[in-house]
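Participant: Have a look at the structure that comes next, please.
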Amino acid sequence: MTTTNTSATAPTLAPADLKPAQRTWRAFRRNPLGMGSAAVILLMVVIAIIAPLLAEFPSGYGIEILMPPSAAHPFGTDDLGRDVLAQVIWGTRISMIIGFASSFLAILIGVALGILAAYAKRLDAPISMLVDVSLALPVLPLMILVAALVGPSVTTLVVVIALFSWPEVTRIVRSQALSVTRLPYVDAARTIGGSHFWIMTRHLLPAVAPIIVVSVVLTASRAVMSEAGLSFLGLGDPESWSWGKILFNAQRSGALTVAWWCTLFPSLAILLLVVSSTLMSIAYNDARNPKTREN
Amino acid sequence: MHLTGYFLQRLIRGLVTFWFAVTVTFFLVRLLPGDPVLAVAAPGMTEEIRQTQLQQFGLDRPLLVQYFAYLRELVQGNLGVSFLRSQPVSQVLMERLPWTLLLTGSALLLTVILGVPLGVLAATRARGWVDQVVQITGVVGQSLFVPSLGILLLYTLGLMLGWFPIGGAVKSGLTGFSYYLSVLHHLILPSFTLVLAQLASYVLTLRATLIEALGEEYCDLARAKGTRENKVIWKHALRNALLPTTTLIGLQIGFLVGGAVLTETIYAYPGVGRAIYEAVGQLDFPVLQGAFVLLAATVVIANLITDIAYGLLDPRVRA
């Protein structure tokens, strides 16, 4: 039994001195779907950063309204003659900023509360209750109410989306951290007189770190969808472009019934980002798990 | 007896959830930056009107007094007045709620009707090509942005092929049978948008739990008894595999309602979601707040129904 096992896996076995993170990376690198997705996300980040170099900020009016895709306007023009490609490029910037900023905030809150709930028995019940209740509520109408009250802006969107996205993170982190708090090394840390804060940040946090990596990607892609949804309903930042806002403009002006290019390209951008995020987190999970990892 | 206790516990949880929703909105609306009068009156009012409104709605009173007054009104079904229509919010929304219920209800039903066979198909042919297709479409399906999907269906099936109407819920001036036929005709595209947006999560969940269930010992036992594989799948394994799927329905209802808001906006479907879209454009805060409270109540009730279904499906709850 042991011999067959060893001989079967020996040729691809990774050197034993590799750290877990290195092993994960080695396995991840070999998954074309995961690497492809990571490349797509990286490309979108680059587009977001160098947007001003790629296209002029779409503003004002053009003469060529509702033109189908052509050499001059690869994605066509909208009802005011603005270039759709430029809108999608500048939209990448805002969608990325809002996606990552609100996911960062949501994860900060979510991880802190998740670890606290798992470690401090007395806080577990109220935090879990809060999470259950928040997850049961229809979030979009609540986000709409708050965003409309505060007035739409990038900051509003980031805060509103983060405010209603952390419970998901807390739920996942709590369940993972809960299994770790029962391990002997946490008791050992307590026995040698470690402070609660030290145990939570130095012993529990590293144990849930892989979960956080997956959460960042998934929460960010969900945040991009939330932003698109709010912008689509007219709650986007009035000063900037986002993918949802392009759809909102097409819906409000009626362009969506005559010009498929006004809605197709921003839709594809959203789909591409979310699919890549999902695939990348699946690939990461597979690479991290020794059972599904091939080496 | 135990079942009653379980239902009672779920009922209390539902009530707590609803109370939480109401309380959070109340304090959010009043503590957030922004004029609280905006929550009850049109923007752009004069200072005089502002003062009258402050007094009339008691917005100058201590927060807690306001809170209890709000709860008292809410229990009586009073959600305030829409200044846009000068109608009670409850009246505006109650006219529209049946359409939203029809849309979300039909979408949920269709999702289950389509999702169960697809999940079974994928699970019983695990790693075959049907399964591969289901899994890949599943990942893409879970990533669909509801308005994009709605626009795609509207553009292709509604505009290009002209099979379905592209807006509204019913053609005016119809009676009797043709009225219902028209309702159904208008329902198909928006309902299908919601079905496609959520189908993937159901199929993938059912697939995973069914594969697990089919490997359990009780399924081996059933096979050893000589039970046909079809019966093992549909009678033994599926019943257990449906439990996590039932839980998923409860978890997904919030998403479904959010999707309905977006879908109704695209198809100009006269439900609560379209009312929200219109209220956003006019900054009609009483309607926005009322709509959230009403939708939260709907979700809580729907969750209660799935809990009851779960209790009936799972004998362990009774034990």
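By order in the structure tokens, chains are A, B, ...; within a chain, residues start at 1; ligands start at 1, following the order shown.
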Within 8 Å of segment 135-150 of chain A, which residues of segment 154-237 of chain A show up? Give each one with its shortest atom-to-atom distance in Å (one decimal) and the two atoms involved, counting only C-alpha atoms, rows by chain then rising residue number, as a Markdown table.

Facilitator:
| residue | atom | partner | partner_atom | distance |
| --- | --- | --- | --- | --- |
| A:Thr156 | CA | A:Ala147 | CA | 6.4 |
| A:Leu157 | CA | A:Ala147 | CA | 6.8 |
| A:Val160 | CA | A:Met143 | CA | 6.2 |
| A:Ile161 | CA | A:Met143 | CA | 7.1 |
| A:Phe164 | CA | A:Val139 | CA | 6.8 |
| A:Pro167 | CA | A:Leu135 | CA | 6.7 |
| A:Glu168 | CA | A:Leu135 | CA | 7.2 |
| A:Ser226 | CA | A:Leu140 | CA | 7.7 |
| A:Leu230 | CA | A:Ile144 | CA | 6.7 |
| A:Leu235 | CA | A:Ala148 | CA | 6.7 |

Participant: Among segment 8-203 of chain B, which residues does DSSP mark as strand (DSSP E) when it is run on the backbone? Keep the chain and numbering as in the structure and answer as number ranges by chain.

Facilitator: B: 81-82, 87-88

Participant: Chain B residues within 8 Å of chain A, counting only C-alpha atoms: which ones, as a ChimeraX atom specification?

Facilitator: /B:17,20-21,25,28-29,32-34,139-140,143-145,147-148,151,155,159,250-251,253-255,257-258,261-262,265-266,276-277,280-281,283,285,288-289,291-292,295-296,299-300

Participant: Excluding segment 117-123 of chain A and its own-chain neighbours fewer than 5 positions away, which residues fall within 9 Å of it when counting only C-alpha atoms? Please give them as an NGL selection string.

Facilitator: :A and (112 or 128 or 170 or 173-181 or 196 or 200 or 204)

Participant: Keeping N, CA, C and O atoms, export the residues of the selection given above as a compact mmCIF listing (two decimals), in the first residue's frame.

Facilitator:
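Result file follows (selection.txt):
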# COMPACT_ATOMS: atom_id res chain seq x y z
N ALA A 112 -12.43 40.71 11.53
CA ALA A 112 -12.35 41.10 12.93
C ALA A 112 -13.50 40.48 13.72
O ALA A 112 -13.29 39.84 14.76
N SER A 128 -23.20 36.10 15.82
CA SER A 128 -23.81 35.13 14.90
C SER A 128 -25.24 35.51 14.58
O SER A 128 -25.70 35.38 13.44
N THR A 170 -17.81 37.30 7.71
CA THR A 170 -17.82 36.90 9.12
C THR A 170 -18.24 35.45 9.28
O THR A 170 -17.63 34.68 10.03
N VAL A 173 -15.35 33.15 8.04
CA VAL A 173 -14.17 33.24 8.91
C VAL A 173 -14.47 32.63 10.28
O VAL A 173 -13.65 31.91 10.84
N ARG A 174 -15.67 32.91 10.81
CA ARG A 174 -16.02 32.39 12.13
C ARG A 174 -15.96 30.86 12.14
O ARG A 174 -15.36 30.26 13.03
N SER A 175 -16.57 30.23 11.13
CA SER A 175 -16.63 28.77 11.16
C SER A 175 -15.23 28.17 11.02
O SER A 175 -14.93 27.15 11.64
N GLN A 176 -14.37 28.84 10.24
CA GLN A 176 -13.00 28.34 10.11
C GLN A 176 -12.22 28.55 11.40
O GLN A 176 -11.54 27.65 11.89
N ALA A 177 -12.34 29.75 11.98
CA ALA A 177 -11.59 30.07 13.19
C ALA A 177 -12.06 29.22 14.37
O ALA A 177 -11.28 28.87 15.25
N LEU A 178 -13.35 28.88 14.36
CA LEU A 178 -13.92 28.09 15.45
C LEU A 178 -13.21 26.74 15.57
O LEU A 178 -12.94 26.27 16.68
N SER A 179 -12.90 26.13 14.43
CA SER A 179 -12.24 24.82 14.49
C SER A 179 -10.80 24.98 14.97
O SER A 179 -10.23 24.05 15.54
N VAL A 180 -10.21 26.15 14.74
CA VAL A 180 -8.82 26.37 15.17
C VAL A 180 -8.74 26.66 16.67
O VAL A 180 -7.81 26.21 17.34
N THR A 181 -9.72 27.38 17.20
CA THR A 181 -9.65 27.74 18.63
C THR A 181 -9.64 26.52 19.53
O THR A 181 -9.21 26.58 20.67
N HIS A 196 -5.13 38.19 24.88
CA HIS A 196 -6.17 37.80 23.93
C HIS A 196 -5.87 38.36 22.54
O HIS A 196 -6.03 37.70 21.54
N MET A 200 -5.30 36.24 19.10
CA MET A 200 -6.19 36.41 17.95
C MET A 200 -5.43 36.84 16.69
O MET A 200 -5.70 36.35 15.60
N LEU A 204 -4.73 33.01 15.48
CA LEU A 204 -5.97 32.72 14.76
C LEU A 204 -5.95 33.32 13.35
O LEU A 204 -6.33 32.68 12.39

Participant: With only C-alpha atoms as the basis for distance, which of B:Ser191, B:Thr245, B:Asn303, B:Gln66 is at the shortest distance from Leu102 of chain B?

Facilitator: B:Ser191

Participant: Can you tell me, as a list in words, what residues are no more than 12 Å from Ser70 of chain A when counting only C-alpha atoms, ignoring any on the same chain fewer than 6 positions away?

Facilitator: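 Non-adjacent residues within range: Glu64, Gly76, Thr77, Asp83, Val84, Leu85 and Trp261 of chain A.
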
Participant: Would you mind exporting C-alpha atoms of the selected residues as a short mmCIF file (atom, residue, chain, number, x, y, z; two decimals), in the first residue's frame?

Facilitator:
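Wrote it out as part38.cif, contents follow:
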data_model
loop_
_atom_site.label_atom_id
_atom_site.label_comp_id
_atom_site.auth_asym_id
_atom_site.auth_seq_id
_atom_site.Cartn_x
_atom_site.Cartn_y
_atom_site.Cartn_z
CA GLU A 64 -21.98 60.53 -34.55
CA GLY A 76 -19.76 52.01 -31.19
CA THR A 77 -21.15 55.26 -29.78
CA ASP A 83 -17.37 56.44 -27.50
CA VAL A 84 -18.53 53.27 -25.69
CA LEU A 85 -15.00 51.81 -25.61
CA TRP A 261 -23.41 47.66 -28.47
#

Participant: Taking only C-alpha atoms into account, name the residue in B:Ser201, B:Thr100, B:Thr227, B:Thr124 that is nearest to Ala260 of chain B.

Facilitator: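 Nearest candidate to Ala260 of chain B out of B:Ser201, B:Thr100, B:Thr227, B:Thr124: B:Thr100.
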
Participant: What's the separation between atom CA of Gly259 of chain B and atom CA of Leu103 of chain B, in Å to one decimal place?

Facilitator: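 Distance between the two atoms: 10.5 Å.
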
Participant: Can you pull out every residue within 8 Å of segment 216-223 of chain B, counting only C-alpha atoms, but drop anything in the same chain fewer than 5 positions away, and send it as a ChimeraX atom specification?

Facilitator: /B:228-229,232,236-237

Participant: Using DSSP assignments from the backbone, pull out every residue in segment 44-147 of chain A that falls under alpha helix (DSSP H) and give it to me as a ChimeraX atom specification.

Facilitator: /A:44-49,51-54,84-119,121-136,139-147

Participant: Can you tell me which residues surround Gln132 of chain B at a distance of at most 12 Å, considering only C-alpha atoms, apart from same-chain residues fewer than 6 positions away, and format the answer as a PDB file with N, CA, C and O atoms, in the first residue's frame?

Facilitator:
ATOM      1  N   LEU B 121     -29.498  14.973 -13.300  1.00  0.00           N
ATOM      2  CA  LEU B 121     -28.798  14.579 -14.518  1.00  0.00           C
ATOM      3  C   LEU B 121     -27.281  14.723 -14.356  1.00  0.00           C
ATOM      4  O   LEU B 121     -26.510  13.827 -14.710  1.00  0.00           O
ATOM      5  N   ALA B 122     -26.874  15.873 -13.788  1.00  0.00           N
ATOM      6  CA  ALA B 122     -25.439  16.119 -13.620  1.00  0.00           C
ATOM      7  C   ALA B 122     -24.836  15.165 -12.602  1.00  0.00           C
ATOM      8  O   ALA B 122     -23.730  14.656 -12.793  1.00  0.00           O
ATOM      9  N   ALA B 123     -25.569  14.904 -11.528  1.00  0.00           N
ATOM     10  CA  ALA B 123     -25.021  14.077 -10.455  1.00  0.00           C
ATOM     11  C   ALA B 123     -24.917  12.621 -10.877  1.00  0.00           C
ATOM     12  O   ALA B 123     -23.953  11.937 -10.541  1.00  0.00           O
ATOM     13  N   ARG B 125     -24.572  11.490 -13.850  1.00  0.00           N
ATOM     14  CA  ARG B 125     -23.559  11.319 -14.887  1.00  0.00           C
ATOM     15  C   ARG B 125     -22.309  12.079 -14.498  1.00  0.00           C
ATOM     16  O   ARG B 125     -21.677  12.719 -15.335  1.00  0.00           O
ATOM     17  N   ALA B 126     -21.958  12.057 -13.220  1.00  0.00           N
ATOM     18  CA  ALA B 126     -20.816  12.808 -12.719  1.00  0.00           C
ATOM     19  C   ALA B 126     -19.584  12.526 -13.567  1.00  0.00           C
ATOM     20  O   ALA B 126     -19.267  11.368 -13.851  1.00  0.00           O
ATOM     21  N   GLY B 138     -22.675  26.404 -15.070  1.00  0.00           N
ATOM     22  CA  GLY B 138     -22.977  26.790 -13.696  1.00  0.00           C
ATOM     23  C   GLY B 138     -22.124  27.953 -13.222  1.00  0.00           C
ATOM     24  O   GLY B 138     -22.630  28.914 -12.657  1.00  0.00           O
ATOM     25  N   VAL B 139     -20.823  27.860 -13.474  1.00  0.00           N
ATOM     26  CA  VAL B 139     -19.913  28.928 -13.045  1.00  0.00           C
ATOM     27  C   VAL B 139     -20.266  30.238 -13.749  1.00  0.00           C
ATOM     28  O   VAL B 139     -20.349  31.298 -13.142  1.00  0.00           O
ATOM     29  N   LEU B 204     -25.903  23.392  -8.986  1.00  0.00           N
ATOM     30  CA  LEU B 204     -24.596  23.002  -8.456  1.00  0.00           C
ATOM     31  C   LEU B 204     -24.713  22.463  -7.022  1.00  0.00           C
ATOM     32  O   LEU B 204     -24.052  21.494  -6.666  1.00  0.00           O
ATOM     33  N   ARG B 207     -26.373  19.032  -7.225  1.00  0.00           N
ATOM     34  CA  ARG B 207     -25.419  18.089  -7.802  1.00  0.00           C
ATOM     35  C   ARG B 207     -24.459  17.592  -6.722  1.00  0.00           C
ATOM     36  O   ARG B 207     -24.281  16.395  -6.547  1.00  0.00           O
TER      37      ARG B 207
END

Participant: Which residue out of B:Leu71, B:Ala224, B:Val130, B:Ile301 has the minimum interatomic distance to Arg13 of chain B when only C-alpha atoms are used?

Facilitator: B:Ile301

Participant: Which of these, B:Gly162, B:Gly167, B:Pro117, B:Gly173, has the shortest distance to Tyr267 of chain B once you count only C-alpha atoms?

Facilitator: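 Closest candidate: B:Gly167.
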